[in-house]
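File shown here: start14.cif, holding mmCIF, C-alpha atoms.
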```cif
data_coords
#
loop_
_atom_site.group_PDB
_atom_site.id
_atom_site.type_symbol
_atom_site.label_atom_id
_atom_site.label_comp_id
_atom_site.auth_asym_id
_atom_site.auth_seq_id
_atom_site.Cartn_x
_atom_site.Cartn_y
_atom_site.Cartn_z
ATOM 1 C CA MET A 1225 22.003 -73.694 -12.383
ATOM 2 C CA ALA A 1226 23.765 -76.472 -14.262
ATOM 3 C CA ALA A 1227 25.420 -73.862 -16.479
ATOM 4 C CA ALA A 1228 26.713 -72.002 -13.423
ATOM 5 C CA THR A 1229 28.103 -75.204 -11.949
ATOM 6 C CA ALA A 1230 29.739 -76.113 -15.264
ATOM 7 C CA ALA A 1231 31.330 -72.675 -15.508
ATOM 8 C CA ALA A 1232 32.562 -72.962 -11.925
ATOM 9 C CA TRP A 1233 34.089 -76.350 -12.736
ATOM 10 C CA VAL A 1234 36.020 -74.913 -15.679
ATOM 11 C CA GLU A 1235 37.386 -72.165 -13.422
ATOM 12 C CA ALA A 1236 38.118 -74.420 -10.445
ATOM 13 C CA GLN A 1237 39.456 -77.482 -12.262
ATOM 14 C CA PRO A 1238 43.143 -76.411 -12.229
ATOM 15 C CA ARG A 1239 42.972 -75.948 -8.445
ATOM 16 C CA ILE A 1240 41.216 -79.295 -8.015
ATOM 17 C CA MET A 1241 43.818 -81.059 -10.128
ATOM 18 C CA ALA A 1242 46.647 -79.406 -8.169
ATOM 19 C CA ARG A 1243 45.110 -80.827 -4.996
ATOM 20 C CA LEU A 1244 44.862 -84.243 -6.566
ATOM 21 C CA ALA A 1245 48.538 -83.971 -7.524
ATOM 22 C CA VAL A 1246 49.449 -83.343 -3.874
ATOM 23 C CA LEU A 1247 47.631 -86.554 -2.937
ATOM 24 C CA GLN A 1248 49.327 -88.455 -5.771
ATOM 25 C CA ASP A 1249 52.716 -87.235 -4.543
ATOM 26 C CA ALA A 1250 51.781 -88.330 -1.021
ATOM 27 C CA ALA A 1251 50.758 -91.751 -2.329
ATOM 28 C CA ALA A 1252 54.112 -92.137 -4.090
ATOM 29 C CA ALA A 1253 55.884 -91.120 -0.877
ATOM 30 C CA VAL A 1254 53.867 -93.664 1.110
ATOM 31 C CA VAL A 1255 54.936 -96.405 -1.299
ATOM 32 C CA GLU A 1256 58.563 -95.336 -0.853
ATOM 33 C CA GLY A 1257 58.135 -95.035 2.917
ATOM 34 C CA GLU A 1258 59.119 -91.374 2.689
ATOM 35 C CA LEU A 1259 55.983 -89.422 3.612
ATOM 36 C CA ASP A 1260 57.148 -86.862 6.168
ATOM 37 C CA ASP A 1261 54.830 -85.048 8.568
ATOM 38 C CA ALA A 1262 54.742 -81.775 6.622
ATOM 39 C CA ALA A 1263 53.726 -83.547 3.416
ATOM 40 C CA ARG A 1264 51.205 -85.624 5.337
ATOM 41 C CA ARG A 1265 49.564 -82.515 6.855
ATOM 42 C CA GLU A 1266 49.499 -80.803 3.467
ATOM 43 C CA ALA A 1267 47.863 -83.856 1.899
ATOM 44 C CA GLU A 1268 45.368 -84.039 4.760
ATOM 45 C CA GLY A 1269 44.391 -80.407 4.175
ATOM 46 C CA GLU A 1270 43.959 -80.944 0.453
ATOM 47 C CA ALA A 1271 41.906 -84.099 1.032
ATOM 48 C CA HIS A 1272 39.686 -82.114 3.409
ATOM 49 C CA LYS A 1273 39.071 -79.440 0.775
ATOM 50 C CA LEU A 1274 38.364 -82.009 -1.919
ATOM 51 C CA ALA A 1275 35.933 -83.821 0.372
ATOM 52 C CA GLY A 1276 34.103 -80.559 0.896
ATOM 53 C CA SER A 1277 33.923 -79.480 -2.713
ATOM 54 C CA LEU A 1278 33.853 -82.336 -5.236
ATOM 55 C CA GLY A 1279 30.263 -83.270 -4.470
ATOM 56 C CA MET A 1280 29.154 -79.759 -5.382
ATOM 57 C CA PHE A 1281 30.398 -80.313 -8.916
ATOM 58 C CA GLY A 1282 28.518 -83.573 -9.303
ATOM 59 C CA PHE A 1283 31.224 -85.907 -8.049
ATOM 60 C CA PRO A 1284 29.821 -87.279 -4.772
ATOM 61 C CA ALA A 1285 32.020 -90.372 -5.031
ATOM 62 C CA GLY A 1286 35.002 -88.043 -5.205
ATOM 63 C CA SER A 1287 33.966 -86.379 -1.964
ATOM 64 C CA GLU A 1288 33.538 -89.777 -0.300
ATOM 65 C CA LEU A 1289 36.967 -90.984 -1.445
ATOM 66 C CA ALA A 1290 38.628 -87.726 -0.408
ATOM 67 C CA HIS A 1291 37.015 -88.021 3.005
ATOM 68 C CA GLU A 1292 38.390 -91.559 3.370
ATOM 69 C CA LEU A 1293 41.842 -90.235 2.469
ATOM 70 C CA GLU A 1294 41.513 -87.388 4.967
ATOM 71 C CA VAL A 1295 40.659 -89.871 7.727
ATOM 72 C CA MET A 1296 43.679 -92.019 6.802
ATOM 73 C CA LEU A 1297 45.996 -89.007 6.863
ATOM 74 C CA ASP A 1298 44.660 -87.667 10.165
ATOM 75 C CA GLY A 1299 46.950 -88.361 13.100
ATOM 76 C CA GLU A 1300 50.150 -90.352 12.881
ATOM 77 C CA ALA A 1301 49.047 -93.948 12.400
ATOM 78 C CA PRO A 1302 50.929 -95.830 9.670
ATOM 79 C CA ILE A 1303 49.319 -95.487 6.252
ATOM 80 C CA GLY A 1304 48.745 -98.699 4.351
ATOM 81 C CA ALA A 1305 49.101 -99.562 0.706
ATOM 82 C CA ASP A 1306 45.371 -99.001 0.198
ATOM 83 C CA PHE A 1307 46.056 -95.249 0.365
ATOM 84 C CA ALA A 1308 47.574 -95.254 -3.120
ATOM 85 C CA GLU A 1309 44.686 -97.342 -4.392
ATOM 86 C CA LEU A 1310 42.164 -94.829 -3.025
ATOM 87 C CA VAL A 1311 44.065 -91.935 -4.603
ATOM 88 C CA ALA A 1312 43.986 -93.744 -7.943
ATOM 89 C CA ARG A 1313 40.238 -94.284 -7.569
ATOM 90 C CA LEU A 1314 39.791 -90.596 -6.794
ATOM 91 C CA ALA A 1315 41.715 -89.650 -9.923
ATOM 92 C CA GLY A 1316 39.488 -92.019 -11.858
ATOM 93 C CA VAL A 1317 36.242 -90.283 -10.934
ATOM 94 C CA LEU A 1318 37.432 -86.846 -12.068
ATOM 95 C CA PRO A 1319 37.348 -85.646 -15.675
ATOM 96 C CA HIS A 1320 40.862 -84.722 -16.740
ATOM 97 C CA SER A 1321 40.188 -82.523 -19.746
ATOM 98 C CA MET B 1304 21.206 -58.778 -2.000
ATOM 99 C CA ARG B 1305 24.833 -59.043 -0.967
ATOM 100 C CA VAL B 1306 26.477 -62.176 0.479
ATOM 101 C CA LEU B 1307 29.938 -62.351 2.037
ATOM 102 C CA VAL B 1308 31.786 -65.672 1.783
ATOM 103 C CA VAL B 1309 34.696 -66.252 4.168
ATOM 104 C CA ASP B 1310 36.565 -69.407 3.220
ATOM 105 C CA ASP B 1311 40.221 -70.274 2.674
ATOM 106 C CA ASP B 1312 39.161 -72.741 -0.035
ATOM 107 C CA ASP B 1313 39.047 -70.606 -3.169
ATOM 108 C CA VAL B 1314 37.066 -73.296 -4.972
ATOM 109 C CA ILE B 1315 34.118 -72.618 -2.665
ATOM 110 C CA GLY B 1316 34.319 -68.921 -3.462
ATOM 111 C CA ILE B 1317 34.320 -69.666 -7.185
ATOM 112 C CA LEU B 1318 31.303 -71.942 -6.962
ATOM 113 C CA VAL B 1319 29.221 -69.723 -4.686
ATOM 114 C CA ARG B 1320 29.934 -66.661 -6.826
ATOM 115 C CA ARG B 1321 29.024 -68.426 -10.061
ATOM 116 C CA ILE B 1322 25.776 -69.834 -8.681
ATOM 117 C CA LEU B 1323 24.510 -66.851 -6.732
ATOM 118 C CA SER B 1324 25.420 -64.243 -9.342
ATOM 119 C CA ARG B 1325 22.903 -65.935 -11.640
ATOM 120 C CA GLU B 1326 20.317 -65.352 -8.943
ATOM 121 C CA GLY B 1327 21.089 -61.644 -8.899
ATOM 122 C CA VAL B 1328 23.076 -61.879 -5.685
ATOM 123 C CA GLU B 1329 26.295 -59.907 -5.265
ATOM 124 C CA VAL B 1330 28.977 -62.150 -3.782
ATOM 125 C CA VAL B 1331 32.100 -60.865 -2.039
ATOM 126 C CA VAL B 1332 34.729 -63.469 -1.130
ATOM 127 C CA THR B 1333 37.563 -63.272 1.383
ATOM 128 C CA ASP B 1334 39.960 -66.104 2.082
ATOM 129 C CA ASP B 1335 40.670 -65.556 5.769
ATOM 130 C CA GLY B 1336 38.733 -64.761 8.884
ATOM 131 C CA ALA B 1337 40.294 -61.411 9.778
ATOM 132 C CA ALA B 1338 39.690 -60.076 6.274
ATOM 133 C CA GLY B 1339 36.142 -61.393 6.493
ATOM 134 C CA VAL B 1340 35.469 -59.522 9.710
ATOM 135 C CA ARG B 1341 36.787 -56.293 8.162
ATOM 136 C CA ALA B 1342 34.814 -56.819 4.960
ATOM 137 C CA ALA B 1343 31.597 -57.431 6.872
ATOM 138 C CA ALA B 1344 31.873 -54.033 8.554
ATOM 139 C CA GLU B 1345 32.704 -52.325 5.263
ATOM 140 C CA ILE B 1346 30.131 -53.811 2.902
ATOM 141 C CA ALA B 1347 27.264 -54.671 5.286
ATOM 142 C CA PRO B 1348 26.128 -57.916 3.620
ATOM 143 C CA GLN B 1349 22.674 -59.384 4.220
ATOM 144 C CA LEU B 1350 24.230 -62.802 4.902
ATOM 145 C CA ILE B 1351 27.661 -64.171 5.763
ATOM 146 C CA LEU B 1352 28.784 -67.710 4.934
ATOM 147 C CA VAL B 1353 31.866 -68.635 6.947
ATOM 148 C CA ASP B 1354 33.960 -71.791 6.903
ATOM 149 C CA SER B 1355 34.498 -73.430 10.274
ATOM 150 C CA THR B 1356 38.108 -74.497 9.688
ATOM 151 C CA MET B 1357 40.561 -71.896 8.472
ATOM 152 C CA PRO B 1358 44.143 -70.992 9.300
ATOM 153 C CA GLY B 1359 44.286 -67.920 11.510
ATOM 154 C CA MET B 1360 40.810 -67.085 12.775
ATOM 155 C CA THR B 1361 38.488 -70.066 12.879
ATOM 156 C CA GLY B 1362 34.847 -69.817 11.888
ATOM 157 C CA ALA B 1363 33.820 -69.695 15.548
ATOM 158 C CA GLU B 1364 36.233 -66.821 16.183
ATOM 159 C CA VAL B 1365 34.850 -64.957 13.185
ATOM 160 C CA VAL B 1366 31.316 -65.401 14.505
ATOM 161 C CA GLU B 1367 32.448 -64.103 17.890
ATOM 162 C CA ALA B 1368 34.161 -61.048 16.386
ATOM 163 C CA LEU B 1369 31.141 -60.218 14.245
ATOM 164 C CA ALA B 1370 28.840 -60.465 17.251
ATOM 165 C CA ALA B 1371 31.083 -58.172 19.285
ATOM 166 C CA ASN B 1372 30.905 -55.362 16.724
ATOM 167 C CA PRO B 1373 27.643 -53.352 16.727
ATOM 168 C CA ALA B 1374 28.104 -52.744 12.988
ATOM 169 C CA THR B 1375 27.960 -56.467 12.217
ATOM 170 C CA ALA B 1376 26.207 -58.053 15.200
ATOM 171 C CA ALA B 1377 22.809 -58.215 13.470
ATOM 172 C CA ILE B 1378 24.050 -59.822 10.241
ATOM 173 C CA PRO B 1379 23.006 -63.465 10.002
ATOM 174 C CA VAL B 1380 25.929 -65.891 9.794
ATOM 175 C CA VAL B 1381 25.825 -69.456 8.524
ATOM 176 C CA VAL B 1382 28.787 -71.693 9.351
ATOM 177 C CA MET B 1383 29.905 -74.113 6.641
ATOM 178 C CA SER B 1384 31.971 -77.200 7.348
ATOM 179 C CA ALA B 1385 33.428 -80.240 5.633
ATOM 180 C CA ASP B 1386 33.762 -81.898 9.035
ATOM 181 C CA TRP B 1387 31.185 -84.604 8.508
ATOM 182 C CA GLU B 1388 31.043 -85.523 12.173
ATOM 183 C CA ASP B 1389 30.125 -81.979 13.262
ATOM 184 C CA GLU B 1390 26.358 -81.840 13.871
ATOM 185 C CA THR B 1391 26.291 -78.121 14.675
ATOM 186 C CA VAL B 1392 27.092 -76.608 11.278
ATOM 187 C CA GLY B 1393 24.524 -74.665 9.280
ATOM 188 C CA LEU B 1394 25.667 -75.787 5.853
ATOM 189 C CA ARG B 1395 27.518 -79.054 5.441
ATOM 190 C CA LYS B 1396 30.000 -79.369 2.583
ATOM 191 C CA PRO B 1397 29.615 -80.529 -0.047
ATOM 192 C CA PHE B 1398 26.270 -78.797 -0.490
ATOM 193 C CA SER B 1399 24.288 -78.755 -3.699
ATOM 194 C CA PRO B 1400 23.688 -75.584 -5.716
ATOM 195 C CA THR B 1401 19.981 -75.955 -4.952
ATOM 196 C CA GLN B 1402 20.667 -76.106 -1.210
ATOM 197 C CA LEU B 1403 22.773 -72.978 -1.470
ATOM 198 C CA VAL B 1404 20.182 -71.007 -3.424
ATOM 199 C CA GLU B 1405 17.348 -72.047 -1.119
ATOM 200 C CA LEU B 1406 19.384 -71.108 1.936
ATOM 201 C CA VAL B 1407 20.209 -67.663 0.569
ATOM 202 C CA ARG B 1408 16.636 -67.030 -0.550
ATOM 203 C CA GLY B 1409 15.593 -67.581 3.037
ATOM 204 C CA TYR B 1410 17.638 -64.552 4.052
ATOM 205 C CA GLN B 1411 16.556 -62.272 1.221
ATOM 206 C CA PRO B 1412 15.210 -58.995 2.553
ATOM 207 C CA GLY B 1413 11.644 -58.002 1.821
#
```
Starting from the file, give its structure as structure tokens.
Amino acid sequence: MAAATAAAWVEAQPRIMARLAVLQDAAAAVVEGELDDAARREAEGEAHKLAGSLGMFGFPAGSELAHELEVMLDGEAPIGADFAELVARLAGVLPHS
Amino acid sequence: MRVLVVDDDDVIGILVRRILSREGVEVVVTDDGAAGVRAAAEIAPQLILVDSTMPGMTGAEVVEALAANPATAAIPVVVMSADWEDETVGLRKPFSPTQLVELVRGYQPG
């Protein structure tokens, strides 16, 4: 089963990294105070998908961090500077090669 | 055995197909609810895994449509969700490969 999961990771990794990139763009926009609602909803959707999938590939901390990001993005409350820090932590738990 | 996966997250389709194909299970994936309802009637799977939150038809609407069609009403459906506060889902994401295989084995005919 580990081989199947590893093969799935190889196939899915580009999609996962594209989702991470959306969150990184959102984090940069938050820092600049320029995160509009459309970008926020897109980032929320990608965080939701990451929360639901990363744990399956052996990255439970990634799912937890993505869930925290999803909760922060939900609604319209101001997003704090810790958002970018969480996104950086999420990037840190994922293999990039 | 044939399993239909209805989920707008293509990563879930990739993972389920990779894991279950090694168990000898045929996996058909659709990425939206309406296509899932049509596919269920066409391929008659032994089990349907449907995501609760999708654009277009939601998981609940898919379940309702399947139940309303005599051709699909008897097919077991398990709702998946990454909504961690939802206590009603059948398979909470992220699930482990072992959880997935054990769940599907429970629906294997014969």
Please identify every residue of chain A that has at least one atom no more than 6 Å from any atom of chain B, counting only C-alpha atoms, and report them as a PyMOL selection string.
-> chain A and resi 1228+1232+1236+1276-1277+1279-1280
Could you give me, as a list in words, the residues within 10 Å of stretch 1406-1411 of chain B, counting all atoms listed in the file and dropping anything in the same chain fewer than 5 positions from it?
->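 Once the adjacent positions are removed, what remains is Met1304, Arg1305, Val1306, Leu1323, Glu1326, Val1328, Gln1349, Leu1350, Ile1351, Leu1352, Pro1379, Val1381, Gly1393, Leu1394, Pro1400 and Thr1401 of chain B.
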Selected residues written out, C-alpha atoms, as a compact mmCIF listing (two decimals), in the frame of the given file:
```txt
# COMPACT_ATOMS: atom_id res chain seq x y z
CA MET B 1304 21.21 -58.78 -2.00
CA ARG B 1305 24.83 -59.04 -0.97
CA VAL B 1306 26.48 -62.18 0.48
CA LEU B 1323 24.51 -66.85 -6.73
CA GLU B 1326 20.32 -65.35 -8.94
CA VAL B 1328 23.08 -61.88 -5.68
CA GLN B 1349 22.67 -59.38 4.22
CA LEU B 1350 24.23 -62.80 4.90
CA ILE B 1351 27.66 -64.17 5.76
CA LEU B 1352 28.78 -67.71 4.93
CA PRO B 1379 23.01 -63.46 10.00
CA VAL B 1381 25.82 -69.46 8.52
CA GLY B 1393 24.52 -74.67 9.28
CA LEU B 1394 25.67 -75.79 5.85
CA PRO B 1400 23.69 -75.58 -5.72
CA THR B 1401 19.98 -75.96 -4.95
```
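Here the PyMOL selection byres ((chain B and resi 1331) around 7) captures the residues Val1306, Leu1307, Val1308, Glu1329, Val1330, Val1332 and Thr1333 of chain B.
Separating atom CA of A:Asp1249 from atom CA of A:Pro1319 is a distance of 19.0 Å.
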Within 10 Å of A:Arg1265 using all atoms listed in the file, minus same-chain residues under 4 positions, as a PDB file with C-alpha atoms, in the frame of the given file:
```
ATOM      1  CA  LEU A1259      55.983 -89.422   3.612  1.00  0.00           C
ATOM      2  CA  ASP A1260      57.148 -86.862   6.168  1.00  0.00           C
ATOM      3  CA  ASP A1261      54.830 -85.048   8.568  1.00  0.00           C
ATOM      4  CA  GLY A1269      44.391 -80.407   4.175  1.00  0.00           C
ATOM      5  CA  GLU A1270      43.959 -80.944   0.453  1.00  0.00           C
ATOM      6  CA  ALA A1271      41.906 -84.099   1.032  1.00  0.00           C
ATOM      7  CA  GLU A1294      41.513 -87.388   4.967  1.00  0.00           C
ATOM      8  CA  LEU A1297      45.996 -89.007   6.863  1.00  0.00           C
ATOM      9  CA  ASP A1298      44.660 -87.667  10.165  1.00  0.00           C
ATOM     10  CA  GLY A1299      46.950 -88.361  13.100  1.00  0.00           C
ATOM     11  CA  GLU A1300      50.150 -90.352  12.881  1.00  0.00           C
TER      12      GLU A1300
END
```
In the coordinates of the file, take the point (54.9, -95.4, -0.3) and a cut-off of 12 Å; then, counting all atoms listed in the file, name each qualifying protein, DNA or RNA residue as a PyMOL selection string.
-> chain A and resi 1247-1260+1264+1302-1309
Show which residues sit within 12 Å of B:Ala1370, as a ChimeraX atom specification. Count all atoms listed in the file, and ignore same-chain residues fewer than 5 positions away.
-> /B:1340,1343-1344,1363-1365,1375-1380
Proximity to A:Val1317 - best of A:Ala1290, A:Ala1231, A:Ala1275, A:Ala1285, only C-alpha atoms |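 Once distances to A:Val1317 are computed over only C-alpha atoms, the minimum belongs to A:Ala1285.
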